[in-house]
Every structure is written in structure tokens, then in C-alpha cells.
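Quick look at query.cif (mmCIF, C-alpha atoms):
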data_run
#
loop_
_atom_site.label_atom_id
_atom_site.label_comp_id
_atom_site.auth_asym_id
_atom_site.auth_seq_id
_atom_site.Cartn_x
_atom_site.Cartn_y
_atom_site.Cartn_z
CA MET A 1 0.00 0.00 0.00
CA GLN A 2 1.25 3.47 -0.85
CA VAL A 3 -0.87 5.51 1.58
CA PHE A 4 -1.96 3.37 4.53
CA GLY A 5 0.28 1.50 6.94
CA SER A 6 -0.47 -0.70 9.92
CA SER A 7 -1.89 2.28 11.86
CA GLY A 8 -3.43 4.36 9.11
CA THR A 9 -1.62 7.27 7.49
CA ARG A 10 0.44 9.92 9.28
CA GLY A 11 2.55 12.94 8.49
CA VAL A 12 3.46 16.45 9.56
CA ALA A 13 0.19 18.38 9.67
CA ASN A 14 -0.31 21.05 7.03
CA GLU A 15 2.77 19.81 5.17
CA GLU A 16 2.41 16.10 4.38
CA LEU A 17 -0.99 15.64 6.00
CA THR A 18 -3.02 18.58 4.68
CA PRO A 19 -6.76 19.26 4.95
CA ALA A 20 -7.01 18.67 1.19
CA PHE A 21 -5.44 15.22 1.57
CA VAL A 22 -7.69 14.28 4.52
CA LEU A 23 -10.72 15.43 2.54
CA ARG A 24 -9.71 13.06 -0.28
CA VAL A 25 -9.21 10.19 2.17
CA ALA A 26 -12.68 10.86 3.58
CA LYS A 27 -14.22 10.94 0.10
CA ALA A 28 -12.56 7.62 -0.70
CA ALA A 29 -13.75 6.10 2.59
CA GLY A 30 -17.28 7.43 2.13
CA THR A 31 -17.39 6.11 -1.43
CA THR A 32 -16.17 2.64 -0.38
CA TRP A 33 -18.25 2.36 2.79
CA GLY A 34 -21.32 3.59 0.92
CA GLY A 35 -20.91 0.61 -1.39
CA GLY A 36 -22.18 -1.74 1.29
CA ARG A 37 -19.45 -1.75 3.95
CA GLY A 38 -20.86 0.65 6.48
CA GLY A 39 -23.92 2.26 5.06
CA ASP A 40 -24.66 5.94 4.87
CA ARG A 41 -23.30 7.07 8.25
CA VAL A 42 -19.74 7.47 9.52
CA ALA A 43 -18.39 8.88 12.79
CA ILE A 44 -15.34 11.12 13.24
CA ALA A 45 -13.28 11.27 16.45
CA ARG A 46 -10.02 13.05 17.16
CA ASP A 47 -7.31 13.39 19.77
CA THR A 48 -6.08 16.60 21.41
CA ARG A 49 -3.59 17.63 18.72
CA HIS A 50 -3.64 21.29 17.74
CA THR A 51 -4.56 20.45 14.13
CA GLY A 52 -7.22 17.90 15.05
CA ARG A 53 -10.29 20.09 14.63
CA MET A 54 -9.04 21.45 11.30
CA LEU A 55 -8.51 17.97 9.89
CA ALA A 56 -11.76 16.62 11.37
CA ASP A 57 -13.59 19.47 9.63
CA ALA A 58 -11.99 18.43 6.34
CA ALA A 59 -12.95 14.80 6.94
CA ALA A 60 -16.56 15.76 7.70
CA SER A 61 -16.76 17.78 4.47
CA GLY A 62 -15.33 14.93 2.42
CA LEU A 63 -17.75 12.38 3.85
CA ALA A 64 -20.77 14.65 3.48
CA SER A 65 -19.88 15.29 -0.17
CA THR A 66 -20.39 11.58 -0.89
CA GLY A 67 -23.86 11.63 0.66
CA THR A 68 -22.69 10.18 3.98
CA ASP A 69 -24.15 11.43 7.27
CA VAL A 70 -21.51 12.28 9.86
CA ASP A 71 -21.46 11.85 13.65
CA ARG A 72 -18.93 14.26 15.17
CA LEU A 73 -17.73 12.66 18.42
CA GLY A 74 -15.17 15.30 19.43
CA ILE A 75 -12.09 14.35 21.46
CA VAL A 76 -12.29 10.65 22.32
CA PRO A 77 -9.54 8.07 23.03
CA THR A 78 -9.18 5.66 20.12
CA PRO A 79 -10.62 2.70 22.12
CA GLY A 80 -13.61 4.90 22.97
CA ALA A 81 -14.14 5.61 19.27
CA GLN A 82 -13.89 1.88 18.56
CA ALA A 83 -16.48 1.19 21.26
CA TYR A 84 -18.81 3.74 19.63
CA ALA A 85 -18.33 2.06 16.24
CA GLU A 86 -19.27 -1.34 17.65
CA ARG A 87 -22.18 0.00 19.71
CA GLU A 88 -23.70 2.03 16.86
CA GLY A 89 -22.66 -0.22 13.97
CA VAL A 90 -20.96 2.61 12.06
CA PRO A 91 -17.38 3.03 10.77
CA VAL A 92 -15.19 5.70 12.36
CA MET A 93 -12.43 7.94 11.05
CA VAL A 94 -10.08 8.78 13.93
CA ILE A 95 -7.91 11.87 13.45
CA THR A 96 -4.86 10.93 15.50
CA ALA A 97 -1.10 10.46 15.25
CA SER A 98 -0.93 8.34 18.40
CA HIS A 99 2.55 8.59 19.94
CA ASN A 100 4.12 10.67 17.13
CA PRO A 101 5.66 14.11 17.90
CA PRO A 102 3.38 17.18 18.27
CA PRO A 103 3.68 18.44 14.66
CA TYR A 104 2.21 15.19 13.31
CA ASN A 105 -1.34 14.08 12.76
CA GLY A 106 -2.95 11.16 11.00
CA VAL A 107 -6.03 9.21 9.98
CA LYS A 108 -6.97 5.80 11.36
CA LEU A 109 -9.94 3.93 9.86
CA VAL A 110 -12.12 1.68 12.03
CA GLY A 111 -14.84 -0.63 10.75
CA SER A 112 -18.42 -0.82 11.97
CA ASP A 113 -17.42 -3.78 14.17
CA GLY A 114 -15.02 -1.57 16.16
CA VAL A 115 -11.91 -3.21 14.67
CA GLU A 116 -9.29 -1.45 12.56
CA LEU A 117 -9.80 -2.18 8.88
CA SER A 118 -8.22 -5.20 7.24
CA ILE A 119 -5.49 -4.77 4.65
CA SER A 120 -7.86 -5.76 1.86
CA HIS A 121 -10.39 -3.14 2.89
CA LEU A 122 -7.70 -0.48 3.20
CA GLU A 123 -6.49 -1.44 -0.27
CA ASP A 124 -10.01 -0.87 -1.63
CA ILE A 125 -10.11 2.61 -0.09
CA GLU A 126 -6.60 3.40 -1.26
CA GLU A 127 -7.44 2.32 -4.80
CA THR A 128 -10.43 4.67 -4.79
CA LEU A 129 -8.28 7.45 -3.35
CA LEU A 130 -5.49 7.14 -5.92
CA ALA A 131 -7.94 6.85 -8.82
CA GLU A 132 -10.04 9.71 -7.39
CA SER A 133 -13.14 7.74 -8.37
CA PHE A 134 -15.27 9.35 -5.67
CA THR A 135 -19.04 9.27 -5.30
CA VAL A 136 -20.41 12.80 -5.71
CA ALA A 137 -23.84 13.36 -4.19
CA PRO A 138 -26.32 15.85 -5.69
CA TRP A 139 -26.54 19.10 -3.74
CA ASP A 140 -29.79 18.08 -2.05
CA GLU A 141 -28.49 14.62 -1.06
CA THR A 142 -25.24 15.62 0.64
CA GLY A 143 -24.74 14.21 4.13
CA ARG A 144 -25.90 15.82 7.34
CA VAL A 145 -23.43 16.50 10.15
CA ARG A 146 -24.43 16.26 13.80
CA GLU A 147 -22.56 16.66 17.09
CA ILE A 148 -22.78 13.63 19.40
CA ASP A 149 -22.53 14.38 23.13
CA GLY A 150 -21.57 12.04 25.94
CA VAL A 151 -19.35 9.61 24.01
CA ARG A 152 -16.52 9.80 26.57
CA ARG A 153 -19.00 9.22 29.40
CA GLU A 154 -20.42 6.16 27.65
CA TYR A 155 -16.89 4.83 27.17
CA VAL A 156 -16.07 5.22 30.88
CA ASP A 157 -19.40 3.63 31.85
CA GLY A 158 -18.61 0.66 29.62
CA LEU A 159 -15.22 0.21 31.27
CA LEU A 160 -16.76 0.44 34.73
CA ALA A 161 -19.39 -2.16 33.85
CA ALA A 162 -16.61 -4.57 32.83
CA SER A 163 -14.56 -4.05 35.99
CA GLY A 164 -14.68 -5.56 39.45
CA ARG A 165 -15.48 -2.26 41.15
CA GLU A 166 -16.05 -3.54 44.69
CA GLN A 167 -12.87 -5.63 44.79
CA ILE A 168 -10.80 -2.75 43.39
CA ALA A 169 -12.28 -0.24 45.84
CA ASP A 170 -11.59 -2.62 48.73
CA ALA A 171 -7.93 -2.85 47.69
CA ASP A 172 -7.37 0.83 48.63
CA LEU A 173 -5.11 1.48 45.62
CA THR A 174 -3.24 4.61 44.63
CA VAL A 175 -2.91 5.00 40.86
CA ALA A 176 -0.38 7.36 39.28
CA LEU A 177 -1.30 8.45 35.76
CA ASP A 178 0.51 10.32 33.00
CA PRO A 179 -1.95 10.73 30.10
CA GLY A 180 0.61 12.83 28.25
CA HIS A 181 -1.87 15.65 27.51
CA GLY A 182 -3.81 13.32 25.21
CA ALA A 183 -7.45 12.27 24.99
CA GLY A 184 -7.00 9.85 27.90
CA ALA A 185 -6.66 12.89 30.16
CA LEU A 186 -10.43 13.30 29.75
CA THR A 187 -11.31 9.71 30.68
CA SER A 188 -8.62 7.81 32.60
CA PRO A 189 -8.48 9.85 35.86
CA GLU A 190 -12.27 9.82 36.07
CA PHE A 191 -12.41 6.07 35.42
CA PHE A 192 -9.93 5.16 38.15
CA ARG A 193 -11.53 7.53 40.67
CA GLU A 194 -14.92 5.94 40.06
CA LEU A 195 -13.31 2.55 40.65
CA GLY A 196 -12.52 3.80 44.15
CA CYS A 197 -8.82 4.45 43.64
CA ARG A 198 -6.85 7.42 44.90
CA VAL A 199 -5.60 9.06 41.71
CA VAL A 200 -2.56 11.30 41.30
CA THR A 201 -1.64 12.71 37.91
CA VAL A 202 0.97 14.52 35.90
CA ASN A 203 0.51 15.96 32.38
CA ALA A 204 -3.22 15.42 32.77
CA GLN A 205 -4.39 18.61 31.06
CA PRO A 206 -5.50 18.01 27.45
CA ASP A 207 -3.15 20.13 25.33
CA GLY A 208 -2.23 19.52 21.69
CA HIS A 209 1.12 21.26 22.11
CA PHE A 210 2.18 18.58 24.66
CA PRO A 211 4.02 21.01 26.96
CA GLY A 212 4.96 18.46 29.63
CA ARG A 213 6.44 15.73 27.45
CA ASP A 214 6.44 14.29 23.95
CA PRO A 215 3.64 11.76 23.37
CA GLU A 216 5.78 8.62 22.95
CA PRO A 217 5.87 6.76 26.30
CA VAL A 218 9.56 5.83 26.26
CA PRO A 219 11.62 5.96 29.48
CA GLY A 220 13.20 9.33 28.69
CA ASN A 221 9.74 10.94 28.47
CA LEU A 222 8.42 9.39 31.70
CA THR A 223 10.76 10.87 34.30
CA ASP A 224 7.97 13.02 35.81
CA LEU A 225 5.77 9.95 36.20
CA GLY A 226 8.65 8.10 37.87
CA ARG A 227 9.07 10.90 40.38
CA LEU A 228 5.31 10.94 41.01
CA VAL A 229 5.28 7.18 41.68
CA ARG A 230 8.14 7.46 44.15
CA ALA A 231 6.62 10.49 45.91
CA THR A 232 3.12 9.03 46.32
#
Mind turning this structure into C-alpha cells?
Amino acid sequence: MQVFGSSGTRGVANEELTPAFVLRVAKAAGTTWGGGRGGDRVAIARDTRHTGRMLADAAASGLASTGTDVDRLGIVPTPGAQAYAEREGVPVMVITASHNPPPYNGVKLVGSDGVELSISHLEDIEETLLAESFTVAPWDETGRVREIDGVRREYVDGLLAASGREQIADADLTVALDPGHGAGALTSPEFFRELGCRVVTVNAQPDGHFPGRDPEPVPGNLTDLGRLVRAT
């Protein structure tokens, strides 16, 4: 594959990964999914990166142009977006560069079963993208875009329902977290507190500039977390 790798496609935002490119990826995805692999509705989630909203806007425009309705989920951890896909039975485009440095962003494609797309499905979308053989909806059949509230809360509730809350609360645990300014800053502290843990955090403010540390969780970037563990 020329465009997609094992975790989607990534690049420096506004240089390699431009809004125009993301719009084309969304048009290719909407065209392919509209052919029977997801129906007429697709969700978009993003992480906290500074360019996330810009690129999510481009993705929403591209999908809507193919006649696909769009659910805008806002900032949601990738597993939360996957849970939404499975729960609602809709594919999801996740605007994220995962652990890459702050200038990067990317696109990850998730199927309506909540699982990242297979290579064969990605190849179908890539073929449509490279050929630019996009579906173009008439003006009065373009997709509708709606904001979906409460997706992070539903994700946390699902995690809590799958956890042994009483046993964990009885263990009187202290949990030290470093969400690295990412989307998990909006879910992980809340989740562990509701499990009954004492939670202490560092770099727990969502911030797409990543002022506390680079996103990749390698030892050199986790010295603050190490100090927090020792201190608490």
C-alpha cells in the first residue's frame, strides 16, 4: 500500500498531512463504505492535537460530499471511538497520530465492528483514493453532520461495567497516571476515581502542544511519572 500502513496514514500536519489530503481520504472512505461496507453514516473522532479540529472538519466535508451522514464525536480516546463504532454499527475515522511528535497528525480507519480495517479493505479505499473515483452526491443529497454528546462518558461507563469495582475499591489502591496531555486525560483519571482508587496525575491537562512531554511513552519521556510514583 502506498498511503496506509499498519496504523493508518500519518505525516506532519499542514505539510504532508493537509486538509485537502484528509478530505480526499474521507471521500474515498465514504465512497467505499457507501458501497455496502458501512452504510450511509460514519463517525469522526479526534485526539487533542492542535490540528485535530481542522482535519476533522476536512474529513466531515469529504464524507458529506459523498452523501454520507456524519457523527462528530469530538475528542475521544481511540478505544472509545472503537467502542462507539461497535455499539452504533458505524465506521469511524479517527484523526490521530498516536505517539508521534506534536507536529504530526494522521487518519486511522475503524470498521463498523469496532476493529481497525483489514489490509484488503484499506487497499479498496486506497485504490479509490489514488484513482479519485469518488461518489459525488447531488446538492440536495449531501450528508448531514451532527454533534454527538456524551461519548466519553459512555466509554467510561462501559469500562466500569466490565470491571470488578467492589474488589478494586476494597484494595485501597493509589494510581499514578501520566496521560501525556492526550485524549485519555479526559477519561482515565475519572475512570480510576470511580473505581474507588486514589488518583494522582501529571501531564493530565488536554493540550495539543504537549508542553509536559512528547507523546511517545519511552523511558526518557516518563521521568515526571517516575518521580510521582516514588513520591506518592
Which one is closest to Thr66 in chain A: A:Phe4, A:Phe134, A:Phe21, A:Tyr84? Count all atoms listed in the file.
A:Phe134
Between A:Thr32, A:Thr18, A:Thr232, A:Thr187, which one has atoms that come closest to Glu132 in chain A, using only C-alpha atoms?
A:Thr32
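One distance worth recording is that between CA of Val145 in chain A and CA of Leu109 in chain A, which is 18.4 Å.
Of the residues listed (A:Leu225, A:Val3, A:Ala60, A:Ala28), A:Ala28 shows the shortest atom-to-atom separation from Ser133 in chain A; distances use all atoms listed in the file.
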Atom-to-atom span, CA of Val70 in chain A and CA of Gly52 in chain A, Å:
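If I compute the distance from CA of Val70 in chain A to CA of Gly52 in chain A, I get 16.2 Å.
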Selection near Gly212 in chain A, 12 Å with all atoms listed in the file, sequence-local residues under 3 positions removed, as a ChimeraX atom specification:
/A:102,178-182,202-209,215-216,221-225
Carefully work through the PyMOL selection byres ((chain A and resi 144) around 12) for this structure and note down the residues it includes, as an MDAnalysis selection string.
chainID A and resid 40:43 60:72 137 139:143 145:147
Of the candidates A:Ser188, A:Asn105, A:Ser120, A:Asn14, which shows the shortest atom-to-atom distance to Val76 in chain A, using all atoms listed in the file?
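Selected residue with least distance to Val76 in chain A: A:Ser188.
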Figure out the distance between CA of Ser6 in chain A and CA of Ile44 in chain A, please, to one decimal in Å.
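That distance, rounded to one decimal, is 19.3 Å.
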Could you state which residues are captured by the PyMOL selection byres ((chain A and resi 10) around 6) in this file, as number ranges by chain?
A: 9, 11, 105-106
If you keep C-alpha atoms, can you produce a file of those selected residues as an mmCIF file, in the frame of the given file?
data_model
loop_
_atom_site.group_PDB
_atom_site.id
_atom_site.type_symbol
_atom_site.label_atom_id
_atom_site.label_comp_id
_atom_site.auth_asym_id
_atom_site.auth_seq_id
_atom_site.Cartn_x
_atom_site.Cartn_y
_atom_site.Cartn_z
ATOM 1 C CA THR A 9 -1.620 7.270 7.490
ATOM 2 C CA GLY A 11 2.550 12.940 8.490
ATOM 3 C CA ASN A 105 -1.340 14.080 12.760
ATOM 4 C CA GLY A 106 -2.950 11.160 11.000
#
Looking at A:Ser7, A:Leu195, A:Arg87, A:His99, which one is nearest to Glu116 in chain A, with distances taken over all atoms listed in the file?
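Among the listed residues, the smallest separation from Glu116 in chain A belongs to A:Ser7.
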Expected file content for range 54-114 of chain A, C-alpha atoms, as a compact mmCIF listing (two decimals), in the first residue's frame:
# COMPACT_ATOMS: atom_id res chain seq x y z
CA MET A 54 -9.04 21.45 11.30
CA LEU A 55 -8.51 17.97 9.89
CA ALA A 56 -11.76 16.62 11.37
CA ASP A 57 -13.59 19.47 9.63
CA ALA A 58 -11.99 18.43 6.34
CA ALA A 59 -12.95 14.80 6.94
CA ALA A 60 -16.56 15.76 7.70
CA SER A 61 -16.76 17.78 4.47
CA GLY A 62 -15.33 14.93 2.42
CA LEU A 63 -17.75 12.38 3.85
CA ALA A 64 -20.77 14.65 3.48
CA SER A 65 -19.88 15.29 -0.17
CA THR A 66 -20.39 11.58 -0.89
CA GLY A 67 -23.86 11.63 0.66
CA THR A 68 -22.69 10.18 3.98
CA ASP A 69 -24.15 11.43 7.27
CA VAL A 70 -21.51 12.28 9.86
CA ASP A 71 -21.46 11.85 13.65
CA ARG A 72 -18.93 14.26 15.17
CA LEU A 73 -17.73 12.66 18.42
CA GLY A 74 -15.17 15.30 19.43
CA ILE A 75 -12.09 14.35 21.46
CA VAL A 76 -12.29 10.65 22.32
CA PRO A 77 -9.54 8.07 23.03
CA THR A 78 -9.18 5.66 20.12
CA PRO A 79 -10.62 2.70 22.12
CA GLY A 80 -13.61 4.90 22.97
CA ALA A 81 -14.14 5.61 19.27
CA GLN A 82 -13.89 1.88 18.56
CA ALA A 83 -16.48 1.19 21.26
CA TYR A 84 -18.81 3.74 19.63
CA ALA A 85 -18.33 2.06 16.24
CA GLU A 86 -19.27 -1.34 17.65
CA ARG A 87 -22.18 0.00 19.71
CA GLU A 88 -23.70 2.03 16.86
CA GLY A 89 -22.66 -0.22 13.97
CA VAL A 90 -20.96 2.61 12.06
CA PRO A 91 -17.38 3.03 10.77
CA VAL A 92 -15.19 5.70 12.36
CA MET A 93 -12.43 7.94 11.05
CA VAL A 94 -10.08 8.78 13.93
CA ILE A 95 -7.91 11.87 13.45
CA THR A 96 -4.86 10.93 15.50
CA ALA A 97 -1.10 10.46 15.25
CA SER A 98 -0.93 8.34 18.40
CA HIS A 99 2.55 8.59 19.94
CA ASN A 100 4.12 10.67 17.13
CA PRO A 101 5.66 14.11 17.90
CA PRO A 102 3.38 17.18 18.27
CA PRO A 103 3.68 18.44 14.66
CA TYR A 104 2.21 15.19 13.31
CA ASN A 105 -1.34 14.08 12.76
CA GLY A 106 -2.95 11.16 11.00
CA VAL A 107 -6.03 9.21 9.98
CA LYS A 108 -6.97 5.80 11.36
CA LEU A 109 -9.94 3.93 9.86
CA VAL A 110 -12.12 1.68 12.03
CA GLY A 111 -14.84 -0.63 10.75
CA SER A 112 -18.42 -0.82 11.97
CA ASP A 113 -17.42 -3.78 14.17
CA GLY A 114 -15.02 -1.57 16.16
